[in-house]
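Read through the structure below, which is laid out as structure tokens, and then see the notes.
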Amino acid sequence: MKKKNGPAPAPKPGPAKNPDKVPFIVELAKKKPLGLLGLIILIGFLLVAIFADQLAPYPMLNGVMQSSIIDKLQGPSAAHLLGTDNLGRDVLSYLIYGARTSAVLGICCTLLSVTISVLIGTLSATIGGWFDLIVQRIVDAVQCIPATLILLILMSMLGNGIPQMIFAMSVPGGITGSRMMRSAAISVKDSGYVKNSGLLGAGTMWKTFKHVVPNILPIIITNAASSLGGVILQESSLNFLGFGVDPGTPSWGYMITNQGKANMYLMPSLAVYPGVCIALMVFGATMFGDAVRDLLDPRLKGGVGTYNGKKLKKIAQKMSIKYHYTEPETQA
């Protein structure tokens with residue numbers, strides 16, 4: 001029997017797709033190639049930190065790096081590709097384990113600092129009144145003191161160690177960064193849906209974490225990505241000044257202080273290698289942070305509020321065509 005020709009079955013309804021939506025990685029590669037390069041550098045250092053035990057030619061045993069009494073201050077060789085330091089430790093292995101220290105401090109300090117900034121800034125904006133006044137005066141007092149001086153005072157009180165460094169770098173940074181979160185939260189808390197949720201009985205915590213925080217999430221991500229490079233520089237500076245990690249913990253800043261500076265004329269590579277690693281990680285974090293800011297900030301992304309003069313000119317031309325507006329002729 002022949003099949004009857006009839007209308008084709010209607011397609012099943014599904015979720016609407018936005019054809020203008022581009023994946024973040026694709027948009028990053030097209031618009032911000034340096035940002036993509038920075039992301040690749042950060043991912044590379046993160047993989048090195050995770051698989052340090054497998055990548056290091058001489059892995060650490062019980063938290064102590066292996067050293068050789070004979071092979072001290074040796075140049076590159078087949079046994080030691082980047083040479084050895086004044087204690088006979090393999091420089092390449094030390095650099096690989098130093099990436100783990102920088103990665104742990106960078107991630108932990110960034111997450112804790114952003115969390116403190118969001119809590120202080122959003123709650124201060126949502127509660128308002130006397131609470132906002134007192135909190136902002138405390139923030140002003142912290143901002144008046146140089147950040148390096150605060151770090152040195154806290155580290156001299158707490159002592160050396162990774163947990164102490166995380167606390168010393170995160171808490172002051174989170175307090176000073178709360179001003180940006182407060183400004184973004186103030187623009188959201190006056191919206192109609194936030195006021196309506198208050199009329200329906202929503203409390204301060206519900207309005208903050210249900211309405212305010214999700215609507216300022218792009219600013220939170222931008223702040224976190226931008227502060228990563230500063231955290232790495234602070235960690236290296238503290239280790240260089242002697243207020244960083246414990247002496248037995250591999251660190252690039254500690255290597256420059258205790259190995260590179262003391263043997264600058266005998267073996268300058270002990271300061272060059274960790275310096276190059278610090279520069280690469282800070283470059284990657286800065287480029288990626290700037291790219292994330294440009295892509296997520298609506299004023300820089302190409303919307304109506306953009307600072308791009310060409311975009312504003314196109315919008316003005318479209319508006320003049322739509323409403324048949326012509327500029328008045330000037331008299332000679």
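Chain identifiers are assigned as A, B, and so on, following the order in which chains appear in the structure tokens; residues are numbered from 1 within each chain, and ligands are numbered from 1 in order of appearance.
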Subject >> Nearby residues (only C-alpha atoms) at most 7 Å from stretch 176-191 of chain A, same-chain spacing under 5 positions excluded, as a PyMOL selection string >> reply: chain A and resi 117-118+120-122+124-126+139+142-143+212+216
Let me see the file: selected residues, N, CA, C and O atoms, as an mmCIF file, in the first residue's frame.
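Result went into selection-v1.cif, see below:
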data_model
loop_
_atom_site.group_PDB
_atom_site.id
_atom_site.type_symbol
_atom_site.label_atom_id
_atom_site.label_comp_id
_atom_site.auth_asym_id
_atom_site.auth_seq_id
_atom_site.Cartn_x
_atom_site.Cartn_y
_atom_site.Cartn_z
ATOM 1 N N SER A 117 35.114 40.450 50.450
ATOM 2 C CA SER A 117 34.639 41.665 49.774
ATOM 3 C C SER A 117 33.140 41.597 49.507
ATOM 4 O O SER A 117 32.419 42.587 49.723
ATOM 5 N N VAL A 118 32.657 40.442 49.052
ATOM 6 C CA VAL A 118 31.236 40.303 48.747
ATOM 7 C C VAL A 118 30.400 40.405 50.016
ATOM 8 O O VAL A 118 29.363 41.091 50.047
ATOM 9 N N ILE A 120 31.127 41.865 52.982
ATOM 10 C CA ILE A 120 31.138 43.209 53.564
ATOM 11 C C ILE A 120 30.403 44.198 52.660
ATOM 12 O O ILE A 120 29.564 44.988 53.119
ATOM 13 N N GLY A 121 30.700 44.169 51.362
ATOM 14 C CA GLY A 121 30.118 45.151 50.460
ATOM 15 C C GLY A 121 28.620 45.004 50.275
ATOM 16 O O GLY A 121 27.879 45.992 50.352
ATOM 17 N N THR A 122 28.144 43.774 50.054
ATOM 18 C CA THR A 122 26.706 43.583 49.816
ATOM 19 C C THR A 122 25.886 43.802 51.079
ATOM 20 O O THR A 122 24.820 44.432 51.034
ATOM 21 N N SER A 124 26.711 45.673 53.630
ATOM 22 C CA SER A 124 26.749 47.093 53.952
ATOM 23 C C SER A 124 25.767 47.884 53.096
ATOM 24 O O SER A 124 25.098 48.803 53.577
ATOM 25 N N ALA A 125 25.668 47.518 51.810
ATOM 26 C CA ALA A 125 24.742 48.224 50.917
ATOM 27 C C ALA A 125 23.296 47.861 51.208
ATOM 28 O O ALA A 125 22.406 48.719 51.155
ATOM 29 N N THR A 126 23.027 46.591 51.522
ATOM 30 C CA THR A 126 21.649 46.151 51.731
ATOM 31 C C THR A 126 21.091 46.637 53.065
ATOM 32 O O THR A 126 19.954 47.107 53.139
ATOM 33 N N VAL A 139 36.569 50.721 56.588
ATOM 34 C CA VAL A 139 37.208 50.518 55.284
ATOM 35 C C VAL A 139 38.101 51.705 54.934
ATOM 36 O O VAL A 139 39.219 51.535 54.427
ATOM 37 N N VAL A 142 41.365 51.392 56.868
ATOM 38 C CA VAL A 142 42.280 50.374 56.323
ATOM 39 C C VAL A 142 42.926 50.860 55.040
ATOM 40 O O VAL A 142 44.107 50.623 54.788
ATOM 41 N N GLN A 143 42.166 51.584 54.205
ATOM 42 C CA GLN A 143 42.711 52.073 52.949
ATOM 43 C C GLN A 143 43.753 53.167 53.147
ATOM 44 O O GLN A 143 44.581 53.399 52.253
ATOM 45 N N VAL A 212 20.732 40.273 45.106
ATOM 46 C CA VAL A 212 21.840 41.195 44.889
ATOM 47 C C VAL A 212 23.073 40.483 44.351
ATOM 48 O O VAL A 212 23.629 40.867 43.314
ATOM 49 N N ILE A 216 25.284 40.837 40.545
ATOM 50 C CA ILE A 216 26.611 41.457 40.439
ATOM 51 C C ILE A 216 27.688 40.394 40.242
ATOM 52 O O ILE A 216 28.871 40.663 40.448
#
Got a sec: who's within 8 Å of stretch 148-164 of chain A, counting only C-alpha atoms, leaving out chain neighbours fewer than 2 positions off, as a short mmCIF file (atom, residue, chain, number, x, y, z; two decimals) with N, CA and C atoms, in the first residue's frame?
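Final output, saved to around_10.cif:
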data_model
loop_
_atom_site.label_atom_id
_atom_site.label_comp_id
_atom_site.auth_asym_id
_atom_site.auth_seq_id
_atom_site.Cartn_x
_atom_site.Cartn_y
_atom_site.Cartn_z
N LEU A 105 48.60 29.48 47.12
CA LEU A 105 48.41 30.80 47.71
C LEU A 105 47.53 31.68 46.82
N ILE A 145 46.19 53.06 55.24
CA ILE A 145 47.48 52.44 55.57
C ILE A 145 48.01 51.72 54.34
N PRO A 146 49.29 51.89 53.98
CA PRO A 146 49.83 51.17 52.82
C PRO A 146 49.69 49.65 52.99
N ILE A 166 48.08 33.38 53.83
CA ILE A 166 46.72 33.46 53.28
C ILE A 166 45.88 34.45 54.08
N PHE A 167 45.99 34.39 55.40
CA PHE A 167 45.23 35.33 56.24
C PHE A 167 45.71 36.76 56.04
N ALA A 168 47.02 36.96 56.03
CA ALA A 168 47.57 38.32 55.96
C ALA A 168 47.26 38.98 54.62
N MET A 169 47.22 38.22 53.53
CA MET A 169 46.96 38.82 52.23
C MET A 169 45.48 38.91 51.90
N PRO A 172 43.06 42.02 54.59
CA PRO A 172 43.13 43.45 54.19
C PRO A 172 42.67 43.67 52.75
N LEU A 238 56.76 39.12 49.83
CA LEU A 238 56.90 38.71 51.23
C LEU A 238 58.01 37.69 51.40
N PHE A 243 59.45 37.26 55.10
CA PHE A 243 58.24 37.10 55.91
C PHE A 243 57.25 36.16 55.24
N GLY A 244 57.73 35.21 54.47
CA GLY A 244 56.84 34.35 53.70
C GLY A 244 56.69 32.96 54.28
N VAL A 245 56.96 31.97 53.44
CA VAL A 245 56.77 30.58 53.82
C VAL A 245 57.91 30.11 54.71
N ASP A 246 57.75 28.91 55.23
CA ASP A 246 58.81 28.31 56.04
C ASP A 246 60.04 28.03 55.17
#
**OP:** For each of A:Ile40, A:Ile134, A:Cys144, A:Leu82, take the minimum atom-to-atom distance to A:Leu28, counting only C-alpha atoms, then give the residue where this is smallest.
**Re:**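 The answer is A:Ile40, which sits nearest to A:Leu28.
With only C-alpha atoms taken into account, the protein and nucleic acid residues at most 10 Å from A:Cys109 (excluding it and anything under 4 positions from it in its own chain) are Ala103, Val104, Leu105, Ser113, Val114, Thr115, Pro163, Met165, Ile166, Phe167, Ala168, Met169, Ser170, Val171, Gly173, Gly174, Ala224, Ser227, Leu228, Val231, Ile232 and Glu235 of chain A.
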Could you save the residues just selected, with N, CA and C atoms, as a PDB file, in the first residue's frame?
ATOM      1  N   ALA A 103      50.498  28.500  43.314  1.00  0.00           N
ATOM      2  CA  ALA A 103      49.127  28.179  42.908  1.00  0.00           C
ATOM      3  C   ALA A 103      48.204  28.084  44.123  1.00  0.00           C
ATOM      4  N   VAL A 104      48.671  27.426  45.176  1.00  0.00           N
ATOM      5  CA  VAL A 104      47.848  27.291  46.387  1.00  0.00           C
ATOM      6  C   VAL A 104      47.558  28.659  46.998  1.00  0.00           C
ATOM      7  N   LEU A 105      48.600  29.478  47.117  1.00  0.00           N
ATOM      8  CA  LEU A 105      48.406  30.804  47.706  1.00  0.00           C
ATOM      9  C   LEU A 105      47.532  31.684  46.818  1.00  0.00           C
ATOM     10  N   SER A 113      39.631  36.435  49.645  1.00  0.00           N
ATOM     11  CA  SER A 113      39.536  37.889  49.537  1.00  0.00           C
ATOM     12  C   SER A 113      38.232  38.311  48.866  1.00  0.00           C
ATOM     13  N   VAL A 114      37.851  37.619  47.792  1.00  0.00           N
ATOM     14  CA  VAL A 114      36.598  37.961  47.105  1.00  0.00           C
ATOM     15  C   VAL A 114      35.399  37.659  48.001  1.00  0.00           C
ATOM     16  N   THR A 115      35.457  36.562  48.749  1.00  0.00           N
ATOM     17  CA  THR A 115      34.360  36.236  49.662  1.00  0.00           C
ATOM     18  C   THR A 115      34.174  37.323  50.715  1.00  0.00           C
ATOM     19  N   PRO A 163      49.428  29.201  55.890  1.00  0.00           N
ATOM     20  CA  PRO A 163      48.166  29.717  56.452  1.00  0.00           C
ATOM     21  C   PRO A 163      48.259  31.166  56.911  1.00  0.00           C
ATOM     22  N   MET A 165      50.211  33.475  55.631  1.00  0.00           N
ATOM     23  CA  MET A 165      50.241  34.320  54.445  1.00  0.00           C
ATOM     24  C   MET A 165      48.848  34.466  53.838  1.00  0.00           C
ATOM     25  N   ILE A 166      48.082  33.385  53.827  1.00  0.00           N
ATOM     26  CA  ILE A 166      46.724  33.461  53.283  1.00  0.00           C
ATOM     27  C   ILE A 166      45.884  34.454  54.080  1.00  0.00           C
ATOM     28  N   PHE A 167      45.993  34.394  55.399  1.00  0.00           N
ATOM     29  CA  PHE A 167      45.228  35.330  56.240  1.00  0.00           C
ATOM     30  C   PHE A 167      45.706  36.763  56.043  1.00  0.00           C
ATOM     31  N   ALA A 168      47.020  36.964  56.030  1.00  0.00           N
ATOM     32  CA  ALA A 168      47.567  38.317  55.956  1.00  0.00           C
ATOM     33  C   ALA A 168      47.265  38.984  54.619  1.00  0.00           C
ATOM     34  N   MET A 169      47.220  38.215  53.532  1.00  0.00           N
ATOM     35  CA  MET A 169      46.964  38.817  52.226  1.00  0.00           C
ATOM     36  C   MET A 169      45.481  38.913  51.900  1.00  0.00           C
ATOM     37  N   SER A 170      44.657  38.041  52.481  1.00  0.00           N
ATOM     38  CA  SER A 170      43.244  37.992  52.102  1.00  0.00           C
ATOM     39  C   SER A 170      42.402  39.009  52.864  1.00  0.00           C
ATOM     40  N   VAL A 171      42.600  39.104  54.167  1.00  0.00           N
ATOM     41  CA  VAL A 171      41.721  39.950  54.985  1.00  0.00           C
ATOM     42  C   VAL A 171      41.862  41.432  54.625  1.00  0.00           C
ATOM     43  N   GLY A 173      43.028  42.747  51.846  1.00  0.00           N
ATOM     44  CA  GLY A 173      42.577  42.895  50.468  1.00  0.00           C
ATOM     45  C   GLY A 173      41.070  42.791  50.324  1.00  0.00           C
ATOM     46  N   GLY A 174      40.455  41.911  51.112  1.00  0.00           N
ATOM     47  CA  GLY A 174      39.002  41.790  51.063  1.00  0.00           C
ATOM     48  C   GLY A 174      38.303  43.026  51.611  1.00  0.00           C
ATOM     49  N   ALA A 224      37.862  38.944  40.922  1.00  0.00           N
ATOM     50  CA  ALA A 224      38.681  37.786  41.280  1.00  0.00           C
ATOM     51  C   ALA A 224      39.786  37.558  40.262  1.00  0.00           C
ATOM     52  N   SER A 227      42.551  40.319  40.544  1.00  0.00           N
ATOM     53  CA  SER A 227      43.374  40.339  41.766  1.00  0.00           C
ATOM     54  C   SER A 227      44.363  39.180  41.843  1.00  0.00           C
ATOM     55  N   LEU A 228      44.284  38.217  40.926  1.00  0.00           N
ATOM     56  CA  LEU A 228      45.163  37.049  41.004  1.00  0.00           C
ATOM     57  C   LEU A 228      46.622  37.433  40.795  1.00  0.00           C
ATOM     58  N   VAL A 231      48.104  39.028  43.922  1.00  0.00           N
ATOM     59  CA  VAL A 231      48.373  38.067  44.994  1.00  0.00           C
ATOM     60  C   VAL A 231      49.718  37.382  44.772  1.00  0.00           C
ATOM     61  N   ILE A 232      50.010  37.014  43.533  1.00  0.00           N
ATOM     62  CA  ILE A 232      51.280  36.348  43.234  1.00  0.00           C
ATOM     63  C   ILE A 232      52.452  37.289  43.496  1.00  0.00           C
ATOM     64  N   GLU A 235      52.938  37.588  47.283  1.00  0.00           N
ATOM     65  CA  GLU A 235      53.575  36.376  47.837  1.00  0.00           C
ATOM     66  C   GLU A 235      55.071  36.386  47.570  1.00  0.00           C
TER      67      GLU A 235
END
**OP:** Point out the residue among A:Ile96, A:Leu39, A:Cys277, A:Ala141 with the least atom-to-atom distance to A:Met60, counting only C-alpha atoms.
**Re:** A:Ile96
